[in-house]
Amino acid sequence: VKRLKQRGLVLRGVKDPATVGAHSFRAAIMAWALARAGNEGLDTNRLIKIILVHDLVGGYAGDLTPYEALISKTRKEDFKKMYVKWVRVPKREKERFAKQHRVKDEKALRKLTRLLPKSLATEIQSLWTEHAQYLTREGRFVHQIHMLENHLQSLEYWKKDKTFPIESWWHEVKELISDPILLEFAQELDVKFHGYKRKEKNRAQ
């Protein structure tokens with residue numbers, strides 16, 4: 001994952017796309033800082049461990065995107081247009097893709113941990129499952145941080161090239177992030193990159 005380019009950026013035609021490892025590194029920094037800012041009771045050490053392992057399977061399973069179900073139906077020259085909107089596919093197709101993805105990920109996870117001491121292998125497998133299945137507060141927080149870091153990265157590319165499609169990440173953040181401190185951070189990104197005004201209650205604070 002240190003060298004694995006993020007597939008969503010590759011498909012969007014980014015010349016020098018960020019790697020999965022770089023994404024995980026900044027997500028860990030964001031989780032550390034934001035968890036301290038407003039989430040009492042979260043286990044920060046566990047958060048960082050989850051982030052360190054959450055995308056490791058990509059090294060063997062590949063870095064798949066939510067758009068995989070549409071890629072085979074879309075011409076390569078139309079990929080950039082495909083990303084203008086957040087992906088929406090029929091529920092049955094979405095579930096089928098999720099099942100295939102899970103099988104690949106679990107196979108990769110076993111491969112990654114097969115030579116490790118049993119206690120460490122078990123811990124990594126447990127942490128990965130915690131994120132993949134949203135089993136704990138930490139697992140759910142990491143899932144949202146994952147989306148938020150991707151959104152921040154898309155804004156940085158958009159700042160350099162205003163034709164870069166960011167709408168899909170923006171809609172994902174608006175629809176799927178629920179943690180208050182992460183919503184506040186997302187709003188700050190709107191202010192910084194788009195000049196949106198803060199809500200009155202936030203300005204008063």
# chains A, B, ... in the order shown; residues from 1 in each chain; ligands from 1
$ select_by_dssp --residues "stretch 4-201 of chain A" --states "helix (DSSP H, G or I)" --output "PyMOL selection string"
chain A and resi 7-11+20-38+44-54+58-61+68-71+76-82+91-113+118-132+137-160+167-176+180-194+200-201
$ residues_around --residues "A:Arg7" --least-positions-apart "3" --cutoff "7 Å" --atoms "only C-alpha atoms" --output "count of residues only"
5
$ closest_residue --among "A:Val103, A:Leu115, A:Val191, A:Ile48" --to "A:His131" --atoms "only C-alpha atoms"
A:Ile48
$ residues_around --residues "A:Leu52" --least-positions-apart "6" --cutoff "12 Å" --atoms "only C-alpha atoms" --output "list in words"
Val1, Lys2, Val20, Gly21, Ala22, His23, Ser24, Phe25, Arg26, Ala27, Ala28, Ile29, Ala31, Asn45, Arg46, Ile124, Leu127, Trp128, His131, Val142 and His146 of chain A
$ atom_distance --atom1 "atom CA of A:Ser178" --atom2 "atom CA of A:Met147"
11.6 Å
$ residues_around --residues "A:Gly59" --least-positions-apart "3" --cutoff "7 Å" --atoms "only C-alpha atoms" --output "list in words"
Val1, Leu4, Leu56 and Gly62 of chain A
$ write_last_selection --atoms "N, CA and C atoms" --output "CSV table (one decimal), in the first residue's frame"
chain,number,residue,atom,x,y,z
A,1,VAL,N,0.8,-1.2,0.0
A,1,VAL,CA,0.0,0.0,0.0
A,1,VAL,C,0.9,1.3,0.0
A,4,LEU,N,0.9,1.6,-3.7
A,4,LEU,CA,-0.4,1.4,-4.4
A,4,LEU,C,-1.1,2.7,-4.6
A,56,LEU,N,-4.9,-2.2,4.5
A,56,LEU,CA,-3.8,-3.0,4.3
A,56,LEU,C,-4.2,-4.1,3.2
A,62,GLY,N,-6.5,-5.3,-4.0
A,62,GLY,CA,-6.7,-4.1,-4.9
A,62,GLY,C,-7.4,-3.0,-4.2
$ closest_residue --among "A:Glu184, A:Asp179, A:Glu138, A:Asp161" --to "A:Trp32" --atoms "only C-alpha atoms"
A:Glu138
$ atom_distance --atom1 "atom CA of A:Ile51" --atom2 "atom CA of A:Lys192"
25.6 Å
$ atom_distance --atom1 "atom CA of A:Lys118" --atom2 "atom CA of A:Leu135"
22.0 Å
$ closest_residue --among "A:Leu116, A:Ala35, A:Ala132, A:Ala18" --to "A:Asp55" --atoms "only C-alpha atoms"
A:Ala132
$ closest_residue --among "A:Ile181, A:Ile145, A:Ala37, A:Ala108" --to "A:Gly58" --atoms "only C-alpha atoms"
A:Ala108
